[in-house]
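Undergrad: Got a file for you: run_25.cif, mmCIF, C-alpha atoms and all ligand atoms.
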```
data_upload
#
loop_
_atom_site.label_atom_id
_atom_site.label_comp_id
_atom_site.auth_asym_id
_atom_site.auth_seq_id
_atom_site.Cartn_x
_atom_site.Cartn_y
_atom_site.Cartn_z
CA MET E 45 102.44 22.95 80.35
CA THR E 46 104.93 20.27 79.41
CA LEU E 47 105.23 16.82 80.89
CA ALA E 48 108.73 17.71 82.04
CA SER E 49 107.56 20.77 83.93
CA THR E 50 104.70 18.83 85.53
CA THR E 51 107.07 16.08 86.60
CA ALA E 52 109.49 18.66 87.96
CA ALA E 53 106.71 20.30 89.94
CA SER E 54 105.52 16.94 91.19
CA SER E 55 108.91 15.76 92.32
CA ALA E 56 109.47 19.16 93.90
CA VAL E 57 106.36 18.61 95.98
CA HIS E 58 107.43 15.08 96.88
CA SER E 59 110.75 16.36 98.11
CA ALA E 60 108.92 19.24 99.79
CA ARG E 61 106.89 16.63 101.62
CA ARG E 62 109.98 14.82 102.80
CA ASN E 63 111.47 18.12 103.91
CA GLY E 64 108.44 19.33 105.81
CA LEU E 65 105.90 20.26 103.13
CA ASN E 66 107.16 23.58 101.94
CA LEU E 67 104.36 24.06 99.46
CA ASN E 68 104.71 27.81 99.68
CA SER E 69 107.88 27.70 97.65
CA ILE E 70 106.20 25.52 95.01
CA ALA E 71 103.44 28.07 94.82
CA ALA E 72 105.89 30.91 94.46
CA THR E 73 107.82 29.14 91.72
CA ASN E 74 104.95 27.82 89.71
CA GLY E 75 102.25 30.43 90.05
CA ASN E 76 100.11 30.77 93.10
CA PRO E 77 96.56 31.24 91.91
CA SER E 78 94.85 34.28 93.25
CA SER E 79 91.24 34.35 92.30
CA PRO E 80 87.83 35.86 92.79
CA PRO E 81 85.26 33.57 94.50
CA VAL E 82 84.39 31.74 91.28
CA MET E 83 87.11 31.81 88.63
CA ALA E 84 86.02 31.40 85.06
CA HIS E 85 89.48 30.36 83.85
CA SER E 86 92.65 28.83 85.13
CA ASN E 87 96.04 29.20 83.45
CA ASP E 88 98.81 26.66 82.90
CA ALA E 89 100.80 27.83 85.90
CA ASP E 90 97.76 27.38 88.11
CA GLU E 91 97.13 23.92 86.70
CA GLN E 92 100.76 22.92 87.20
CA TYR E 93 100.53 23.97 90.82
CA TRP E 94 97.32 22.03 91.45
CA SER E 95 98.59 19.04 89.53
CA ALA E 96 101.58 18.84 91.88
CA ILE E 97 99.19 18.86 94.83
CA ARG E 98 97.02 16.21 93.18
CA ASP E 99 100.06 13.93 92.95
CA GLU E 100 100.10 13.78 96.73
CA PHE E 101 96.79 11.86 96.78
CA PRO E 102 97.04 8.11 96.07
CA ILE E 103 93.31 7.87 95.42
CA THR E 104 93.72 9.83 92.18
CA GLN E 105 95.62 6.84 90.75
CA ASN E 106 92.68 4.50 91.30
CA LEU E 107 89.39 6.28 90.88
CA LEU E 108 87.55 9.30 89.59
CA TYR E 109 86.75 10.08 93.18
CA PHE E 110 83.68 12.33 93.37
CA ASN E 111 82.62 11.48 96.89
CA ASN E 112 84.70 13.67 99.16
CA GLY E 113 81.46 14.66 100.88
CA THR E 114 81.39 11.21 102.45
CA MET E 115 85.08 10.55 102.99
CA GLY E 116 88.00 12.85 102.32
CA PRO E 117 91.03 10.87 101.13
CA SER E 118 94.26 11.98 102.81
CA PRO E 119 97.43 13.02 101.05
CA LEU E 120 100.30 10.58 101.56
CA VAL E 121 102.06 12.87 103.99
CA VAL E 122 99.12 12.50 106.42
CA THR E 123 99.01 8.72 106.15
CA GLU E 124 102.75 8.59 106.75
CA ARG E 125 102.48 10.82 109.80
CA VAL E 126 99.82 8.52 111.28
CA THR E 127 101.71 5.30 110.63
CA ASP E 128 105.00 6.80 111.85
CA ARG E 129 103.33 7.86 115.07
CA ILE E 130 101.75 4.46 115.63
CA LYS E 131 105.16 2.83 115.18
CA HIS E 132 106.71 5.36 117.56
CA VAL E 133 104.13 4.64 120.27
CA ASP E 134 104.68 0.91 120.09
CA ALA E 135 108.45 1.26 119.97
CA THR E 136 108.72 3.66 122.91
CA GLY E 137 105.59 3.48 125.07
CA ASP E 138 105.31 7.24 124.57
CA TYR E 139 101.62 7.47 123.73
CA GLY E 140 100.88 11.11 124.55
CA GLY E 141 101.24 14.22 122.46
CA ASP E 142 100.49 17.88 122.02
CA TYR E 143 96.68 17.73 122.20
CA GLU E 144 96.43 21.40 123.13
CA GLY E 145 98.37 22.38 120.00
CA ILE E 146 95.84 20.51 117.89
CA ARG E 147 92.91 22.14 119.66
CA THR E 148 94.53 25.46 118.84
CA ALA E 149 95.00 24.48 115.18
CA LEU E 150 91.32 23.52 114.93
CA ALA E 151 90.33 26.76 116.66
CA HIS E 152 92.18 28.63 113.89
CA VAL E 153 90.41 26.63 111.20
CA VAL E 154 86.96 27.69 112.45
CA ASN E 155 88.03 30.99 114.07
CA ALA E 156 87.03 29.91 117.58
CA GLU E 157 88.09 32.08 120.53
CA SER E 158 90.79 29.55 121.45
CA GLY E 159 91.53 25.84 121.72
CA ASP E 160 89.61 25.91 125.03
CA GLN E 161 86.38 25.89 123.02
CA ILE E 162 87.28 22.76 121.04
CA ALA E 163 86.42 19.21 122.17
CA PHE E 164 87.75 16.16 120.35
CA THR E 165 85.29 13.53 119.15
CA HIS E 166 85.41 10.55 116.82
CA ASN E 167 83.04 12.04 114.26
CA VAL E 168 80.30 14.60 113.68
CA SER E 169 77.60 12.36 115.17
CA GLU E 170 79.45 12.16 118.48
CA ALA E 171 79.90 15.94 118.53
CA ILE E 172 76.16 16.39 118.03
CA SER E 173 75.42 13.72 120.65
CA ILE E 174 77.45 15.62 123.26
CA VAL E 175 75.02 18.51 122.85
CA SER E 176 71.81 16.55 122.29
CA SER E 177 72.38 14.43 125.38
CA GLY E 178 74.00 17.16 127.50
CA ILE E 179 71.44 19.97 127.49
CA ASP E 180 68.50 20.18 129.86
CA LEU E 181 65.42 18.87 128.00
CA LYS E 182 62.19 17.50 129.41
CA ALA E 183 59.29 15.57 127.93
CA GLY E 184 57.34 17.84 125.61
CA ASP E 185 60.26 20.21 124.89
CA GLU E 186 60.75 20.74 121.17
CA VAL E 187 63.79 20.60 118.92
CA LEU E 188 63.75 21.78 115.30
CA LEU E 189 65.64 19.99 112.52
CA THR E 190 65.23 20.19 108.74
CA ASN E 191 63.51 17.46 106.72
CA GLN E 192 66.79 16.51 104.98
CA GLU E 193 69.08 15.60 107.83
CA HIS E 194 71.97 13.22 107.61
CA ALA E 195 71.38 10.44 110.15
CA GLY E 196 74.25 11.99 112.12
CA ASN E 197 72.11 15.00 113.03
CA ALA E 198 68.83 13.12 113.32
CA ILE E 199 69.60 10.01 115.37
CA PRO E 200 71.22 11.80 118.35
CA TRP E 201 68.03 13.86 118.77
CA LEU E 202 65.72 10.90 118.11
CA ALA E 203 67.63 8.99 120.78
CA ARG E 204 66.89 11.80 123.22
CA LYS E 205 63.23 11.64 122.18
CA LYS E 206 63.22 7.93 122.98
CA ARG E 207 64.88 8.51 126.33
CA ASP E 208 63.06 11.62 127.54
CA GLY E 209 59.99 12.11 125.35
CA ILE E 210 61.06 15.34 123.65
CA GLU E 211 59.35 16.35 120.39
CA ILE E 212 61.24 16.70 117.11
CA LYS E 213 59.84 18.96 114.40
CA PHE E 214 61.19 18.84 110.84
CA VAL E 215 61.13 22.12 108.92
CA PRO E 216 61.01 21.57 105.14
CA LEU E 217 63.83 22.92 103.01
CA THR E 218 61.98 22.72 99.71
CA ASP E 219 58.53 22.79 98.16
CA ASP E 220 56.86 19.58 96.90
CA LYS E 221 58.86 19.73 93.67
CA TRP E 222 62.20 19.88 95.48
CA ASN E 223 62.72 23.58 94.76
CA ALA E 224 64.77 24.98 97.62
CA PHE E 225 63.17 27.77 99.60
CA SER E 226 65.01 31.07 99.52
CA ASP E 227 66.91 32.08 102.65
CA ASP E 228 64.14 34.53 103.54
CA GLU E 229 61.45 31.93 103.19
CA PHE E 230 63.35 29.28 105.12
CA VAL E 231 64.14 31.64 108.00
CA GLN E 232 60.45 32.56 108.10
CA ARG E 233 59.46 28.90 108.20
CA VAL E 234 61.84 28.22 111.07
CA SER E 235 60.49 31.26 112.88
CA ASP E 236 56.92 30.04 112.34
CA ALA E 237 57.84 26.59 113.70
CA ILE E 238 59.11 28.01 116.99
CA THR E 239 56.74 27.68 119.94
CA PRO E 240 57.14 28.43 123.66
CA ARG E 241 58.32 24.79 124.03
CA THR E 242 61.18 25.10 121.50
CA ARG E 243 64.50 24.62 123.30
CA ALA E 244 66.99 23.88 120.53
CA ILE E 245 67.50 24.11 116.78
CA SER E 246 70.03 21.81 115.12
CA MET E 247 70.54 22.27 111.38
CA PRO E 248 73.21 21.65 108.78
CA HIS E 249 75.42 24.50 107.62
CA LEU E 250 75.55 22.75 104.26
CA THR E 251 73.11 19.93 103.57
CA CYS E 252 74.54 16.54 102.63
CA THR E 253 71.59 15.97 100.31
CA THR E 254 71.52 18.81 97.80
CA GLY E 255 74.46 20.91 98.94
CA GLN E 256 72.17 23.73 100.02
CA LEU E 257 73.94 26.35 102.11
CA LEU E 258 71.68 27.42 104.95
CA PRO E 259 71.61 30.97 106.36
CA ILE E 260 73.16 29.84 109.63
CA LYS E 261 74.03 33.33 110.84
CA ARG E 262 70.43 34.46 110.53
CA LEU E 263 69.09 31.25 112.06
CA ALA E 264 71.49 31.49 115.01
CA ALA E 265 70.49 35.13 115.58
CA LEU E 266 66.82 34.14 115.47
CA ALA E 267 67.44 31.36 118.00
CA ARG E 268 69.45 33.62 120.31
CA SER E 269 66.73 36.28 120.21
CA LYS E 270 64.32 33.69 121.62
CA ASN E 271 66.70 32.04 124.13
CA ILE E 272 66.87 28.86 122.06
CA TRP E 273 70.13 26.89 121.68
CA PHE E 274 71.46 26.75 118.13
CA LEU E 275 73.76 23.93 117.00
CA ALA E 276 75.11 23.81 113.45
CA ASP E 277 75.92 20.46 111.87
CA GLY E 278 79.13 21.61 110.19
CA ALA E 279 80.19 18.29 108.69
CA HIS E 280 81.10 19.93 105.39
CA PRO E 281 82.35 23.52 105.44
CA PRO E 282 85.66 23.31 107.36
CA GLY E 283 88.40 22.58 104.82
CA MET E 284 86.16 23.62 101.91
CA LEU E 285 84.63 26.98 102.80
CA GLN E 286 86.28 29.39 105.17
CA THR E 287 84.37 29.03 108.41
CA ASP E 288 83.95 31.52 111.24
CA VAL E 289 81.94 30.17 114.14
CA ARG E 290 82.06 33.44 116.03
CA ASP E 291 80.69 35.38 113.09
CA LEU E 292 77.98 32.75 112.63
CA GLY E 293 77.00 33.25 116.27
CA VAL E 294 76.22 29.59 116.90
CA HIS E 295 76.17 28.04 120.38
CA ALA E 296 77.91 24.96 119.01
CA TYR E 297 79.37 23.70 115.74
CA ALA E 298 79.95 19.99 115.09
CA SER E 299 82.46 18.92 112.46
CA CYS E 300 85.09 16.36 111.55
CA GLY E 301 88.59 15.89 110.21
CA HIS E 302 87.73 13.08 107.81
CA LYS E 303 85.87 14.97 105.10
CA TRP E 304 87.07 18.28 103.66
CA LEU E 305 90.02 18.64 106.04
CA LEU E 306 91.44 15.46 104.47
CA GLY E 307 92.58 14.07 107.81
CA PRO E 308 92.57 10.52 109.21
CA LYS E 309 89.23 8.76 109.51
CA GLY E 310 87.44 8.60 112.84
CA ILE E 311 88.26 12.03 114.20
CA GLY E 312 85.89 14.92 114.75
CA PHE E 313 85.49 17.98 116.88
CA LEU E 314 82.94 20.16 118.60
CA TYR E 315 83.12 23.91 119.02
CA ILE E 316 81.24 25.10 122.08
CA ALA E 317 80.72 28.85 122.56
CA PRO E 318 81.84 30.20 125.95
CA ASP E 319 78.29 31.12 126.96
CA PHE E 320 77.07 27.57 126.22
CA MET E 321 79.66 25.46 128.04
CA GLU E 322 78.00 25.42 131.46
CA HIS E 323 74.70 24.31 129.89
CA VAL E 324 76.08 21.14 128.34
CA ILE E 325 76.70 18.58 131.05
CA PRO E 326 79.06 15.78 129.98
CA THR E 327 76.90 12.66 129.61
CA TRP E 328 79.74 10.22 129.80
CA SER E 329 83.13 10.99 131.19
CA GLY E 330 86.47 9.74 132.48
CA GLY E 331 89.97 10.63 133.55
CA GLU E 332 91.26 14.10 132.60
CA ALA E 333 87.78 15.62 132.13
CA ASP E 334 87.94 17.06 135.63
CA LYS E 335 90.16 19.37 137.62
CA TYR E 336 91.49 16.73 139.99
CA TRP E 337 93.34 14.13 138.03
CA GLY E 338 92.44 10.82 139.60
CA TYR E 339 89.55 9.81 141.78
CA ASP E 340 89.20 11.38 145.19
CA ALA E 341 85.42 11.54 145.53
CA ARG E 342 85.16 15.04 144.08
CA LEU E 343 84.05 16.06 140.61
CA ASP E 344 84.56 19.47 139.10
CA PHE E 345 84.54 19.41 135.30
CA LEU E 346 87.25 21.40 133.55
CA PRO E 347 86.01 24.84 132.47
CA THR E 348 87.19 24.11 128.91
CA ALA E 349 85.76 21.92 126.15
CA SER E 350 88.31 19.24 127.03
CA ARG E 351 85.72 18.26 129.69
CA TYR E 352 83.96 16.38 126.84
CA ASP E 353 86.91 14.24 125.80
CA PHE E 354 88.85 12.11 128.19
CA ALA E 355 91.11 9.19 128.91
CA THR E 356 93.42 7.33 126.54
CA GLN E 357 93.18 8.46 122.92
CA ASN E 358 94.85 7.45 119.68
CA PHE E 359 97.26 10.34 119.34
CA ALA E 360 98.36 9.18 115.88
CA LEU E 361 94.99 10.31 114.49
CA PHE E 362 95.31 13.73 116.06
CA ASP E 363 98.85 14.05 114.79
CA GLY E 364 97.59 13.14 111.33
CA LEU E 365 94.89 15.79 111.54
CA GLN E 366 97.49 18.36 112.56
CA CYS E 367 99.50 17.35 109.52
CA ALA E 368 96.44 17.67 107.24
CA ILE E 369 95.74 21.15 108.59
CA GLU E 370 99.39 22.15 108.00
CA PHE E 371 99.15 20.79 104.46
CA MET E 372 96.06 22.88 103.77
CA GLU E 373 97.34 25.98 105.51
CA LYS E 374 100.40 25.94 103.28
CA ILE E 375 98.14 26.05 100.26
CA GLY E 376 95.86 28.59 101.96
CA PHE E 377 92.22 28.06 102.91
CA ASP E 378 91.22 31.04 100.74
CA LYS E 379 92.85 29.44 97.68
CA ILE E 380 91.30 26.09 98.48
CA GLU E 381 87.85 27.64 98.62
CA ALA E 382 88.41 29.45 95.32
CA ARG E 383 89.71 26.26 93.67
CA VAL E 384 86.78 24.15 94.88
CA LYS E 385 84.37 26.76 93.51
CA TYR E 386 86.23 26.90 90.22
CA LEU E 387 86.07 23.11 89.84
CA THR E 388 82.40 23.02 90.80
CA ASN E 389 81.67 25.73 88.28
CA THR E 390 83.45 23.68 85.60
CA LEU E 391 81.49 20.56 86.58
CA ARG E 392 78.13 22.32 86.69
CA THR E 393 78.71 24.04 83.34
CA GLY E 394 79.44 20.67 81.72
CA LEU E 395 76.42 19.07 83.35
CA HIS E 396 74.14 21.91 82.24
CA GLU E 397 75.15 21.31 78.65
CA MET E 398 73.90 17.70 78.73
CA SER E 399 71.00 17.96 81.18
CA ASP E 400 68.10 18.48 78.78
CA GLY E 401 65.45 15.79 79.32
CA LYS E 402 67.88 13.69 81.37
CA PHE E 403 68.15 15.32 84.78
CA HIS E 404 67.67 18.53 86.69
CA PHE E 405 69.71 20.20 89.40
CA LEU E 406 68.60 20.02 93.01
CA THR E 407 71.46 22.20 94.26
CA PRO E 408 70.41 25.84 94.38
CA GLU E 409 72.57 27.84 91.94
CA SER E 410 73.56 30.24 94.71
CA SER E 411 75.04 27.40 96.82
CA MET E 412 78.47 27.33 95.19
CA THR E 413 80.37 24.73 97.21
CA GLY E 414 82.08 21.40 96.53
CA LEU E 415 78.75 19.52 96.42
CA THR E 416 76.42 19.23 93.42
CA THR E 417 73.26 17.11 93.35
CA ILE E 418 71.12 16.16 90.37
CA LYS E 419 67.91 14.17 90.09
CA LEU E 420 67.63 11.89 87.08
CA ASP E 421 64.46 12.11 85.03
CA LYS E 422 64.50 8.58 83.62
CA MET E 423 67.14 6.37 85.23
CA ASN E 424 67.15 4.94 88.75
CA TYR E 425 69.70 6.79 90.91
CA LYS E 426 71.28 3.60 92.27
CA ASP E 427 71.68 2.09 88.79
CA PHE E 428 73.28 5.35 87.66
CA ALA E 429 75.88 5.17 90.46
CA ASP E 430 76.70 1.54 89.60
CA LYS E 431 76.98 2.30 85.90
CA LEU E 432 79.25 5.28 86.48
CA MET E 433 81.55 3.03 88.47
CA ALA E 434 81.51 0.34 85.79
CA ASN E 435 81.92 2.83 82.95
CA CYS E 436 84.65 5.16 84.23
CA LYS E 437 85.48 4.12 87.80
CA ALA E 438 83.70 7.18 89.15
CA ARG E 439 82.64 7.00 92.77
CA THR E 440 79.68 9.21 93.59
CA ARG E 441 77.09 9.26 96.39
CA ILE E 442 73.49 8.20 96.19
CA VAL E 443 71.08 10.46 98.08
CA PRO E 444 68.15 8.52 99.53
CA GLU E 445 67.60 11.05 102.37
CA GLY E 446 64.23 12.77 102.52
CA GLY E 447 63.01 10.59 99.63
CA LEU E 448 65.17 12.57 97.20
CA GLU E 449 66.55 9.55 95.31
CA ALA E 450 69.22 11.74 93.76
CA SER E 451 72.92 11.64 92.81
CA ARG E 452 75.61 13.74 94.47
CA PHE E 453 79.06 14.64 93.15
CA SER E 454 81.87 16.29 95.12
CA VAL E 455 85.13 17.86 94.01
CA HIS E 456 88.13 18.89 96.09
CA ILE E 457 91.67 20.16 95.52
CA TYR E 458 92.91 16.81 94.17
CA THR E 459 90.24 16.80 91.43
CA SER E 460 91.66 17.94 88.08
CA PRO E 461 89.77 19.59 85.22
CA ASP E 462 90.75 16.48 83.26
CA ASP E 463 88.98 14.28 85.85
CA ILE E 464 85.90 16.42 85.40
CA GLY E 465 86.12 16.00 81.62
CA LYS E 466 86.32 12.20 82.00
CA PHE E 467 83.49 12.23 84.50
CA LEU E 468 81.27 14.26 82.16
CA GLU E 469 82.07 11.88 79.30
CA GLY E 470 81.16 8.92 81.51
CA THR E 471 77.92 10.57 82.58
CA LYS E 472 76.99 11.31 78.97
CA SER E 473 77.66 7.76 77.91
CA VAL E 474 75.73 6.23 80.85
CA LEU E 475 72.71 8.46 80.28
CA GLY E 476 72.75 7.80 76.53
C1 LIG E 501 75.67 16.85 107.00
C2 LIG E 501 76.26 15.65 107.70
N1 LIG E 501 76.10 15.53 109.02
C3 LIG E 501 76.61 14.50 109.70
C4 LIG E 501 77.32 13.51 109.06
C5 LIG E 501 77.86 12.37 109.88
O1 LIG E 501 79.25 12.42 109.93
P1 LIG E 501 80.04 11.39 110.85
O2 LIG E 501 80.07 10.08 110.15
O3 LIG E 501 81.40 12.02 110.99
O4 LIG E 501 79.33 11.31 112.14
C6 LIG E 501 77.54 13.59 107.69
C7 LIG E 501 78.29 12.55 106.97
O5 LIG E 501 78.32 12.44 105.78
C8 LIG E 501 76.97 14.68 106.97
O6 LIG E 501 77.11 14.80 105.65
#
```
Represent the structure of the file as structure tokens.
TA:
Amino acid sequence: MTLASTTAASSAVHSARRNGLNLNSIAATNGNPSSPPVMAHSNDADEQYWSAIRDEFPITQNLLYFNNGTMGPSPLVVTERVTDRIKHVDATGDYGGDYEGIRTALAHVVNAESGDQIAFTHNVSEAISIVSSGIDLKAGDEVLLTNQEHAGNAIPWLARKKRDGIEIKFVPLTDDKWNAFSDDEFVQRVSDAITPRTRAISMPHLTCTTGQLLPIKRLAALARSKNIWFLADGAHPPGMLQTDVRDLGVHAYASCGHKWLLGPKGIGFLYIAPDFMEHVIPTWSGGEADKYWGYDARLDFLPTASRYDFATQNFALFDGLQCAIEFMEKIGFDKIEARVKYLTNTLRTGLHEMSDGKFHFLTPESSMTGLTTIKLDKMNYKDFADKLMANCKARTRIVPEGGLEASRFSVHIYTSPDDIGKFLEGTKSVLG
């Protein structure tokens, strides 16, 4: 690949952005990678294509950004869509927009029945709170979580415990030495933890701690077989792994636009299955959540998930999310998943080569996603994160949850193999 061809591809994408993001034509011209789930190699044409996409992300100019799992930086086209919309609202007073179109776009992303099953939220935590506060639970009823929850899936349930005296039980994901249980063993442990008082199970699809993929389909089937509600904390998969909520069989799936979907920050969503809707009573509400717009002493919630979002919203954020989804759809969610796995494979291979006596992997090998977590043998995990930043401007995520004291790295479509090389060099130098 020559500099000239890279520049040509990059400027082609920039003009594509101005003209409505026609990335398909870039892909057709420069090689559109088709790949098995984990590619071992990537050719120059593939790299030229991904390099042009990378150029769309301002963050790549500033950092070795390995923390998409916390915050997904947006491509410029998304930021521009948001700011343009904000300016438009304040110039015209026209503050509404096509909310239903965005529900439909999100429904496609997770293969929901339709946009009617999608509620807008500000983040994952709010989506989980809609369920945790909306279902019928009494003192003594039990809810099962794992022992490595993000606060976003723990605090909404702990708040309900404080309010109504429910019991929370934490099912361990690993043995005492942090070895992840197999899917069979974990499903068995969840099954063993269920009692006649168990009313709900709320667990991550992909843990934020070690990047362990949980057997959600099996867990949801187990829950359904015992008339227990099953909510998946889906903060991570959408935008990284192709996600199918109907195939998973969950009652609800909580996610966001600000991680792997690369949308604006402060926007999330909740999928509610049709058979679950009537069991989740909106805890707080407002105009447009009911059938009779305006107050006339009646209340009949809408039969759709829009009953959970209401009143004046910041449409610019939704418009930005729509734009991010369009950006990703033009690349193709299947290609994005394959690319993330390819990059993760490259990262893990490099880490393996230098791990001896320095660290070990906490991520199960079978969980091939954008997240990789290691536990250092000799250095403090917080010092390591600080030193990586000082050494090579690499932003990573510390993992204090569950007492793990580990280090997490994420890659996404804007990460280049060259970034990974620099990151590995930095890691080697910091660990000595
Ligand atoms: C697994 C998981 N659940 C929930 C959350 C909370 O997300 P939010 O800040 O959108 O509520 C996160 C955030 O990192 C997460 O990783």
Undergrad: Using all atoms listed in the file, what table do you get, as a tab-separated table, when you list each residue of segment 235-295 of chain E with an atom no more than 12 Å from segment 384-400 of chain E, its nearest pair of atoms, and their distance in Å rounded to one decimal, rows by chain then rising number?
TA:
```
residue	atom	partner	partner_atom	distance
E:Gly255	CA	E:Thr388	CA	11.6
E:Pro281	CA	E:Val384	CA	11.5
E:Gly283	CA	E:Val384	CA	10.2
E:Met284	CA	E:Val384	CA	7.1
E:Leu285	CA	E:Val384	CA	8.7
E:Gln286	CA	E:Val384	CA	11.6
```
Undergrad: Based on the selection just made, write C-alpha atoms of those residues as a PDB file, keeping the file's coordinate frame.
TA:
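Saved file part-v7.pdb follows:
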```pdb
ATOM      1  CA  GLY E 255      74.460  20.910  98.940  1.00  0.00           C
ATOM      2  CA  PRO E 281      82.350  23.520 105.440  1.00  0.00           C
ATOM      3  CA  GLY E 283      88.400  22.580 104.820  1.00  0.00           C
ATOM      4  CA  MET E 284      86.160  23.620 101.910  1.00  0.00           C
ATOM      5  CA  LEU E 285      84.630  26.980 102.800  1.00  0.00           C
ATOM      6  CA  GLN E 286      86.280  29.390 105.170  1.00  0.00           C
TER       7      GLN E 286
END
```
Undergrad: Please, which residues have at least one atom within 6 Å of an atom of ligand LIG 501 (chain E), using all atoms listed in the file, listed as a PyMOL selection string?
TA: chain E and resi 114+167-169+194+196-197+248+251-252+277+279+300
Undergrad: Please dump the current selection as a CSV table (one decimal), in the coordinates of the input; keep C-alpha atoms.
TA:
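Output saved as selection-v2.csv:
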```csv
chain,number,residue,atom,x,y,z
E,114,THR,CA,81.4,11.2,102.4
E,167,ASN,CA,83.0,12.0,114.3
E,168,VAL,CA,80.3,14.6,113.7
E,169,SER,CA,77.6,12.4,115.2
E,194,HIS,CA,72.0,13.2,107.6
E,196,GLY,CA,74.2,12.0,112.1
E,197,ASN,CA,72.1,15.0,113.0
E,248,PRO,CA,73.2,21.6,108.8
E,251,THR,CA,73.1,19.9,103.6
E,252,CYS,CA,74.5,16.5,102.6
E,277,ASP,CA,75.9,20.5,111.9
E,279,ALA,CA,80.2,18.3,108.7
E,300,CYS,CA,85.1,16.4,111.6
```
Undergrad: Please provide the set of residues having any atom within 12 Å of Lys270 of chain E, restricted to only C-alpha atoms, with same-chain residues fewer than 5 positions apart removed, written as a PyMOL selection string.
TA: chain E and resi 235+238-245+263-265
Undergrad: Between atom CA of Glu381 of chain E and atom CA of Phe453 of chain E, what distance in Å does the model show, to one decimal?
TA: 16.6 Å
Undergrad: Tell me which protein, DNA and RNA residues are within 9 Å of Asp291 of chain E, counting only C-alpha atoms, leaving out same-chain ones fewer than 4 positions away, and put them as a VMD selection string.
TA: chain E and resid 155 261 287
Undergrad: Go through E:Phe214, E:Tyr352, E:Phe164, E:Trp304 one by one, measure the shortest atom-to-atom distance of each to Ser177 of chain E using only C-alpha atoms, and give the residue with the smallest value.
TA: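 Checking each of E:Phe214, E:Tyr352, E:Phe164, E:Trp304 against Ser177 of chain E, counting only C-alpha atoms, the winner is E:Tyr352.
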Undergrad: Can you tell me which residues surround segment 188-190 of chain E at a distance of at most 6 Å, considering all atoms listed in the file, apart from same-chain residues fewer than 6 positions away, and format the answer as a VMD selection string?
TA: chain E and resid 212 to 216 245 to 247
Undergrad: What does the file look like for those residues with C-alpha atoms, as a PDB file, in the coordinates of the input?
TA:
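Saved the output as result34.pdb:
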```pdb
ATOM      1  CA  ILE E 212      61.240  16.700 117.110  1.00  0.00           C
ATOM      2  CA  LYS E 213      59.840  18.960 114.400  1.00  0.00           C
ATOM      3  CA  PHE E 214      61.190  18.840 110.840  1.00  0.00           C
ATOM      4  CA  VAL E 215      61.130  22.120 108.920  1.00  0.00           C
ATOM      5  CA  PRO E 216      61.010  21.570 105.140  1.00  0.00           C
ATOM      6  CA  ILE E 245      67.500  24.110 116.780  1.00  0.00           C
ATOM      7  CA  SER E 246      70.030  21.810 115.120  1.00  0.00           C
ATOM      8  CA  MET E 247      70.540  22.270 111.380  1.00  0.00           C
TER       9      MET E 247
END
```
Undergrad: For the atom pair atom CA of Phe467 of chain E and atom CA of Ala438 of chain E, what is the interatomic distance in Å to one decimal place?
TA: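 Answer for the atom CA of Phe467 of chain E to atom CA of Ala438 of chain E separation: 6.9 Å.
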Undergrad: Choose the residue, out of E:Asn435, E:Ser473, E:Gln161, E:Gln366, that has the smallest atom-to-atom separation from Leu108 of chain E; count only C-alpha atoms.
TA: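 Among E:Asn435, E:Ser473, E:Gln161, E:Gln366, it is E:Asn435 that comes nearest to Leu108 of chain E.
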Undergrad: Edge lengths and centre in Å to one decimal, as lines of an AutoDock Vina configuration file, is what I'm after for the box along x, y and z that holds all listed atoms of segment 230-239 of chain E once 4 Å is added on each side.
TA:
```
center_x = 60.4
center_y = 29.6
center_z = 112.5
size_x = 15.4
size_y = 14.0
size_z = 22.8
```
Undergrad: Which polymer residues, protein or nucleic acid, are no farther than 6 Å from (85.4, 11.4, 115.2), counting all atoms listed in the file, as a list in words?
TA: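 Using all atoms listed in the file, the matching residues come out as Thr165, His166, Asn167, Gly310, Ile311 and Gly312 of chain E.
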Undergrad: Please identify all polymer residues lying at most 12 Å from the point (103.1, 9.4, 116.1) (file coordinates), using all atoms listed in the file, and present the result as a PyMOL selection string.
TA: chain E and resi 122-142+358-367
Undergrad: Could you write out the selected residues, including C-alpha atoms, as a CSV table (one decimal), keeping the file's coordinate frame?
TA:
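So the final result, stored in out24.csv, reads:
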```csv
chain,number,residue,atom,x,y,z
E,122,VAL,CA,99.1,12.5,106.4
E,123,THR,CA,99.0,8.7,106.2
E,124,GLU,CA,102.8,8.6,106.8
E,125,ARG,CA,102.5,10.8,109.8
E,126,VAL,CA,99.8,8.5,111.3
E,127,THR,CA,101.7,5.3,110.6
E,128,ASP,CA,105.0,6.8,111.8
E,129,ARG,CA,103.3,7.9,115.1
E,130,ILE,CA,101.8,4.5,115.6
E,131,LYS,CA,105.2,2.8,115.2
E,132,HIS,CA,106.7,5.4,117.6
E,133,VAL,CA,104.1,4.6,120.3
E,134,ASP,CA,104.7,0.9,120.1
E,135,ALA,CA,108.4,1.3,120.0
E,136,THR,CA,108.7,3.7,122.9
E,137,GLY,CA,105.6,3.5,125.1
E,138,ASP,CA,105.3,7.2,124.6
E,139,TYR,CA,101.6,7.5,123.7
E,140,GLY,CA,100.9,11.1,124.6
E,141,GLY,CA,101.2,14.2,122.5
E,142,ASP,CA,100.5,17.9,122.0
E,358,ASN,CA,94.8,7.4,119.7
E,359,PHE,CA,97.3,10.3,119.3
E,360,ALA,CA,98.4,9.2,115.9
E,361,LEU,CA,95.0,10.3,114.5
E,362,PHE,CA,95.3,13.7,116.1
E,363,ASP,CA,98.8,14.0,114.8
E,364,GLY,CA,97.6,13.1,111.3
E,365,LEU,CA,94.9,15.8,111.5
E,366,GLN,CA,97.5,18.4,112.6
E,367,CYS,CA,99.5,17.4,109.5
```
